[in-house]
Amino acid sequence: MQQPDGAPSAVSIQQLVKRYKTVTAVDGLSFDVAPGEFFGFLGPNGAGKTTTINAIVGLATFQGGTIRIFGHDVISDYRRSRSLVGLSPQEFNFDRYLTIEEILIYQAGYYGIPVARAKPRARTLLDQFELTDKRRATYLELSGGMKRRLSLARALVHEPQLLILDEPTAGMDVELRLELWDFLKAINAGGMTIFMTSHYLEEVEALCNRIGIVNHGKLVELEDKSTLMARHADRSLQEVFLELVGRRTHG
Ligand code: ATP
C-alpha cells in the first residue's frame, strides 16, 4: 500500500496468516507503517507479535498474505527488502566464539560490506553504545544491558532504513533505559522508521507516535497515540490496553 504522498509504506502487511500446526499465530493481519514513524506493536504474551516480526524479516514462512518493506516484497524481493531492515530480536542469538567487534564485522559482511568499511563502522557503533572497552570480549562476558546494546549495534551495522526492536529494553536498568530512549528518539528524528514491541507501556507512551494492538493474531486497535489517548482522556494507556485485549483492569 502507498502513503498519501505516493511513497511506499515502510512496512505494508496485508492479510497475513501464519499457522503453526494447530495454532493460528497470526490471523489475517493488515496494517501499514509510514516512513519515519515510531510504531508501537503491542499485545499480550502469545498475541503474535514476534511471529509477525519473524515473517517481516524472513525468519518465518507464512501461509497467506503479503508483506512489503518500502515497496519490496519480502519473498520475491527478499535480499533487497532484508537489506533495508535491522532487527534486534527478543532473544539473543550471538555467536559465542566471536569477539563482539567480530560479531559486528561479520554481520556487515552478511550484507556485502567489506571488512575495510565494516571495521570503522563497528568501532563507531561500539563507541556509541559504550562497548569499546569490551570489544575483545565474547558476548558471554557482557551484562544483560550490554547484550541489549550489542544487539542494537548489530541491527544498525548495515545502515538500515527500518529498525525493528522486539522488547529492546528488557533487562536494562532505569538509567540505561532512559539513555536508550534518547538514542532511539534521536535516530527516529533523523529519519529512521522504528517498529517496536514492548511490554513497558510507559516506554510506548514516551516513544511511539502510532500504536497497533494485536490479540490472538488479530488487530484490535490501530491509531495515532495522541488520538488514542485523547479518546480515552481519563485513562492510562495501560488501562486502555487491558480493556482492548479483554483483560480486567484493576482498581
Ligand atoms: P510474547 O509477548 O510472549 O513475546 P508474542 O506476541 O510475540 O508473545 P508469538 O511468539 O508470536 O507471540 O506467539 C504467537 C503464538 O504462536 C503463540 O500461541 C505461540 O505459542 C505460537 N508459536 C510461536 N512460535 C511457535 C513455534 N515455533 N511453534 C509453534 N507455535 C509457536
# chains A, B, ... in the order shown; residues from 1 in each chain; ligands from 1
>>> residues_around(residues="region 147-160 of chain A", least_positions_apart="4", cutoff="8 Å", atoms="only C-alpha atoms", output="VMD selection string")
chain A and resid 83 to 89 92 100 103 to 104 107 to 108 111 113 118 121 to 122 125 to 126 129 131 139 142 to 143 168 to 172
>>> write_last_selection(atoms="N, CA, C and O atoms", output="compact mmCIF listing (two decimals), in the first residue's frame")
# COMPACT_ATOMS: atom_id res chain seq x y z
N SER A 83 17.74 -6.12 3.27
CA SER A 83 18.85 -5.18 3.45
C SER A 83 18.36 -3.83 4.02
O SER A 83 19.16 -3.06 4.54
N LEU A 84 17.07 -3.59 3.91
CA LEU A 84 16.53 -2.32 4.40
C LEU A 84 16.14 -2.37 5.88
O LEU A 84 15.76 -1.37 6.48
N VAL A 85 16.23 -3.59 6.46
CA VAL A 85 15.75 -3.79 7.83
C VAL A 85 16.88 -4.18 8.76
O VAL A 85 17.71 -5.03 8.43
N GLY A 86 16.89 -3.58 9.94
CA GLY A 86 17.77 -4.03 11.02
C GLY A 86 16.89 -4.59 12.13
O GLY A 86 15.90 -3.95 12.50
N LEU A 87 17.24 -5.78 12.63
CA LEU A 87 16.42 -6.42 13.66
C LEU A 87 17.21 -6.63 14.94
O LEU A 87 18.30 -7.19 14.93
N SER A 88 16.63 -6.18 16.04
CA SER A 88 17.16 -6.54 17.36
C SER A 88 16.13 -7.49 17.97
O SER A 88 15.07 -7.06 18.42
N PRO A 89 16.42 -8.81 17.95
CA PRO A 89 15.40 -9.78 18.35
C PRO A 89 15.21 -9.86 19.86
O PRO A 89 16.03 -9.36 20.63
N PHE A 92 18.65 -13.33 22.49
CA PHE A 92 20.00 -13.13 21.95
C PHE A 92 20.41 -14.36 21.14
O PHE A 92 20.19 -15.49 21.55
N ILE A 100 32.96 -9.29 20.32
CA ILE A 100 31.78 -8.51 19.92
C ILE A 100 32.09 -7.62 18.71
O ILE A 100 31.22 -7.35 17.90
N ILE A 103 31.59 -9.82 15.81
CA ILE A 103 30.15 -10.03 15.57
C ILE A 103 29.62 -8.94 14.64
O ILE A 103 28.91 -9.22 13.68
N LEU A 104 30.02 -7.70 14.91
CA LEU A 104 29.53 -6.58 14.09
C LEU A 104 30.12 -6.65 12.67
O LEU A 104 29.42 -6.41 11.68
N GLN A 107 28.46 -9.43 10.71
CA GLN A 107 27.09 -9.05 10.34
C GLN A 107 27.12 -8.11 9.12
O GLN A 107 26.32 -8.26 8.19
N ALA A 108 28.06 -7.17 9.14
CA ALA A 108 28.19 -6.25 7.99
C ALA A 108 28.52 -7.07 6.73
O ALA A 108 27.99 -6.80 5.65
N TYR A 111 25.78 -8.48 4.75
CA TYR A 111 25.12 -7.53 3.84
C TYR A 111 26.07 -7.02 2.76
O TYR A 111 25.81 -6.01 2.13
N ILE A 113 29.13 -5.78 3.04
CA ILE A 113 30.01 -4.64 3.36
C ILE A 113 31.42 -5.18 3.60
O ILE A 113 31.62 -6.03 4.48
N ALA A 118 33.60 -2.11 7.15
CA ALA A 118 32.87 -2.62 8.32
C ALA A 118 33.59 -2.28 9.63
O ALA A 118 32.95 -2.00 10.64
N ARG A 121 32.98 1.24 10.91
CA ARG A 121 31.56 1.29 11.27
C ARG A 121 31.32 0.59 12.62
O ARG A 121 30.61 1.09 13.49
N ALA A 122 31.97 -0.57 12.78
CA ALA A 122 31.84 -1.33 14.04
C ALA A 122 32.40 -0.50 15.20
O ALA A 122 31.79 -0.42 16.27
N LEU A 125 30.01 2.24 16.20
CA LEU A 125 28.85 1.73 16.94
C LEU A 125 29.24 1.28 18.35
O LEU A 125 28.51 1.54 19.31
N LEU A 126 30.42 0.66 18.47
CA LEU A 126 30.87 0.22 19.81
C LEU A 126 31.01 1.44 20.72
O LEU A 126 30.66 1.40 21.89
N PHE A 129 27.55 2.91 21.67
CA PHE A 129 26.83 2.11 22.67
C PHE A 129 27.70 1.79 23.89
O PHE A 129 27.38 0.89 24.65
N LEU A 131 30.56 0.34 24.35
CA LEU A 131 31.04 -1.05 24.42
C LEU A 131 32.50 -1.18 23.99
O LEU A 131 33.02 -2.29 23.88
N TYR A 139 30.32 -12.32 23.72
CA TYR A 139 29.06 -11.77 24.26
C TYR A 139 28.73 -12.39 25.61
O TYR A 139 28.05 -11.78 26.43
N LEU A 142 29.40 -10.23 28.62
CA LEU A 142 28.68 -8.95 28.78
C LEU A 142 27.54 -9.10 29.78
O LEU A 142 26.99 -10.19 29.95
N SER A 143 27.17 -7.97 30.37
CA SER A 143 25.97 -7.96 31.23
C SER A 143 24.73 -7.96 30.32
O SER A 143 24.84 -7.75 29.11
N PRO A 168 13.16 -4.01 23.28
CA PRO A 168 14.53 -3.51 23.28
C PRO A 168 15.13 -3.21 24.65
O PRO A 168 16.35 -3.19 24.78
N THR A 169 14.29 -2.97 25.66
CA THR A 169 14.89 -2.58 26.95
C THR A 169 14.72 -3.64 28.02
O THR A 169 14.99 -3.37 29.19
N ALA A 170 14.34 -4.86 27.62
CA ALA A 170 14.23 -5.94 28.61
C ALA A 170 15.59 -6.12 29.27
O ALA A 170 16.62 -6.20 28.58
N GLY A 171 15.63 -6.15 30.58
CA GLY A 171 16.88 -6.39 31.30
C GLY A 171 17.74 -5.15 31.50
O GLY A 171 18.84 -5.26 32.02
N MET A 172 17.27 -3.99 31.07
CA MET A 172 18.09 -2.77 31.24
C MET A 172 17.71 -2.03 32.51
O MET A 172 16.53 -1.95 32.84
>>> closest_atom_pairs(of="chain A", to="ligand 1", cutoff="7 Å", atoms="only C-alpha atoms and all ligand atoms", output="JSON lines")
{"residue": "A:Tyr20", "atom": "CA", "partner": "ligand 1", "partner_atom_place_in_ligand_line": "29 (C)", "distance": 4.8}
{"residue": "A:Lys21", "atom": "CA", "partner": "ligand 1", "partner_atom_place_in_ligand_line": "29 (C)", "distance": 7.0}
{"residue": "A:Val23", "atom": "CA", "partner": "ligand 1", "partner_atom_place_in_ligand_line": "18 (O)", "distance": 6.1}
{"residue": "A:Thr24", "atom": "CA", "partner": "ligand 1", "partner_atom_place_in_ligand_line": "16 (O)", "distance": 6.7}
{"residue": "A:Ala25", "atom": "CA", "partner": "ligand 1", "partner_atom_place_in_ligand_line": "16 (O)", "distance": 4.1}
{"residue": "A:Gly43", "atom": "CA", "partner": "ligand 1", "partner_atom_place_in_ligand_line": "6 (O)", "distance": 5.8}
{"residue": "A:Pro44", "atom": "CA", "partner": "ligand 1", "partner_atom_place_in_ligand_line": "2 (O)", "distance": 5.5}
{"residue": "A:Asn45", "atom": "CA", "partner": "ligand 1", "partner_atom_place_in_ligand_line": "3 (O)", "distance": 3.3}
{"residue": "A:Gly46", "atom": "CA", "partner": "ligand 1", "partner_atom_place_in_ligand_line": "12 (O)", "distance": 3.3}
{"residue": "A:Ala47", "atom": "CA", "partner": "ligand 1", "partner_atom_place_in_ligand_line": "6 (O)", "distance": 3.7}
{"residue": "A:Gly48", "atom": "CA", "partner": "ligand 1", "partner_atom_place_in_ligand_line": "11 (O)", "distance": 3.2}
{"residue": "A:Lys49", "atom": "CA", "partner": "ligand 1", "partner_atom_place_in_ligand_line": "6 (O)", "distance": 3.7}
{"residue": "A:Thr50", "atom": "CA", "partner": "ligand 1", "partner_atom_place_in_ligand_line": "7 (O)", "distance": 3.6}
{"residue": "A:Thr51", "atom": "CA", "partner": "ligand 1", "partner_atom_place_in_ligand_line": "11 (O)", "distance": 3.7}
{"residue": "A:Thr52", "atom": "CA", "partner": "ligand 1", "partner_atom_place_in_ligand_line": "11 (O)", "distance": 6.4}
>>> closest_residue(among="A:Lys119, A:Arg79, A:His232, A:His72", to="Tyr106 (chain A)", atoms="only C-alpha atoms")
A:Lys119
>>> select_by_dssp(residues="region 95-220 of chain A", states="strand (DSSP E or B)", output="list of chain:residue names")
A:Thr99, A:Thr138, A:Leu162, A:Leu163, A:Ile164, A:Leu165, A:Asp166, A:Thr193, A:Ile194, A:Phe195, A:Met196, A:Thr197, A:Arg210, A:Ile211, A:Gly212, A:Ile213, A:Val214, A:Asn215, A:Lys218, A:Leu219, A:Val220
>>> atom_distance(atom1="CA of Cys208 (chain A)", atom2="CA of Leu59 (chain A)")
25.1 Å
>>> atom_distance(atom1="CA of Val245 (chain A)", atom2="CA of Glu221 (chain A)")
9.5 Å
>>> atom_distance(atom1="CA of Tyr200 (chain A)", atom2="CA of Val220 (chain A)")
18.6 Å
>>> residues_around(residues="Val240 (chain A)", least_positions_apart="6", cutoff="12 Å", atoms="only C-alpha atoms", output="ChimeraX atom specification")
/A:42-43,201,211,213,220-221,225,228-234,246-250
>>> select_by_dssp(residues="region 129-217 of chain A", states="alpha helix (DSSP H)", output="VMD selection string")
chain A and resid 144 to 156 174 to 189 201 to 207
>>> residues_around(residues="Thr138 (chain A)", least_positions_apart="5", cutoff="9 Å", atoms="only C-alpha atoms", output="number ranges by chain")
A: 95-101, 103
>>> write_last_selection(atoms="N, CA and C atoms", output="mmCIF file, in the first residue's frame")
data_model
loop_
_atom_site.group_PDB
_atom_site.id
_atom_site.type_symbol
_atom_site.label_atom_id
_atom_site.label_comp_id
_atom_site.auth_asym_id
_atom_site.auth_seq_id
_atom_site.Cartn_x
_atom_site.Cartn_y
_atom_site.Cartn_z
ATOM 1 N N ASP A 95 26.984 -15.340 18.110
ATOM 2 C CA ASP A 95 27.974 -16.413 18.055
ATOM 3 C C ASP A 95 28.860 -16.298 19.292
ATOM 4 N N ARG A 96 28.912 -17.354 20.092
ATOM 5 C CA ARG A 96 29.626 -17.287 21.379
ATOM 6 C C ARG A 96 31.142 -17.320 21.232
ATOM 7 N N TYR A 97 31.639 -17.656 20.036
ATOM 8 C CA TYR A 97 33.095 -17.775 19.865
ATOM 9 C C TYR A 97 33.738 -16.512 19.297
ATOM 10 N N LEU A 98 32.918 -15.563 18.860
ATOM 11 C CA LEU A 98 33.461 -14.327 18.277
ATOM 12 C C LEU A 98 33.569 -13.232 19.331
ATOM 13 N N THR A 99 34.514 -12.309 19.118
ATOM 14 C CA THR A 99 34.510 -11.109 19.961
ATOM 15 C C THR A 99 33.344 -10.241 19.491
ATOM 16 N N ILE A 100 32.959 -9.289 20.320
ATOM 17 C CA ILE A 100 31.777 -8.507 19.922
ATOM 18 C C ILE A 100 32.095 -7.623 18.706
ATOM 19 N N GLU A 101 33.351 -7.227 18.580
ATOM 20 C CA GLU A 101 33.722 -6.456 17.391
ATOM 21 C C GLU A 101 33.587 -7.336 16.135
ATOM 22 N N ILE A 103 31.590 -9.817 15.813
ATOM 23 C CA ILE A 103 30.151 -10.034 15.570
ATOM 24 C C ILE A 103 29.621 -8.941 14.641
#
>>> closest_residue(among="A:Glu202, A:Glu91, A:Ser81, A:Lys218", to="Leu178 (chain A)", atoms="only C-alpha atoms")
A:Glu202
>>> residues_around(residues="region 184-187 of chain A", least_positions_apart="3", cutoff="10 Å", atoms="only C-alpha atoms", output="PyMOL selection string")
chain A and resi 36+38+163+178-181+190-194+206-208
>>> residues_around(residues="Gln3 (chain A)", least_positions_apart="6", cutoff="9 Å", atoms="only C-alpha atoms", output="PDB file with N, CA and C atoms, in the first residue's frame")
ATOM      1  N   SER A   9       4.846   2.476   1.734  1.00  0.00           N
ATOM      2  CA  SER A   9       4.924   2.369   3.192  1.00  0.00           C
ATOM      3  C   SER A   9       6.254   1.751   3.581  1.00  0.00           C
ATOM      4  N   ASP A  32      -0.323  -0.748   7.821  1.00  0.00           N
ATOM      5  CA  ASP A  32       0.852  -0.107   7.221  1.00  0.00           C
ATOM      6  C   ASP A  32       1.561   0.747   8.257  1.00  0.00           C
ATOM      7  N   ALA A  34       4.100   4.038   8.233  1.00  0.00           N
ATOM      8  CA  ALA A  34       4.610   5.071   7.317  1.00  0.00           C
ATOM      9  C   ALA A  34       6.104   5.308   7.531  1.00  0.00           C
ATOM     10  N   PRO A  35       6.815   5.735   6.476  1.00  0.00           N
ATOM     11  CA  PRO A  35       8.226   6.085   6.661  1.00  0.00           C
ATOM     12  C   PRO A  35       8.356   7.162   7.747  1.00  0.00           C
TER      13      PRO A  35
END
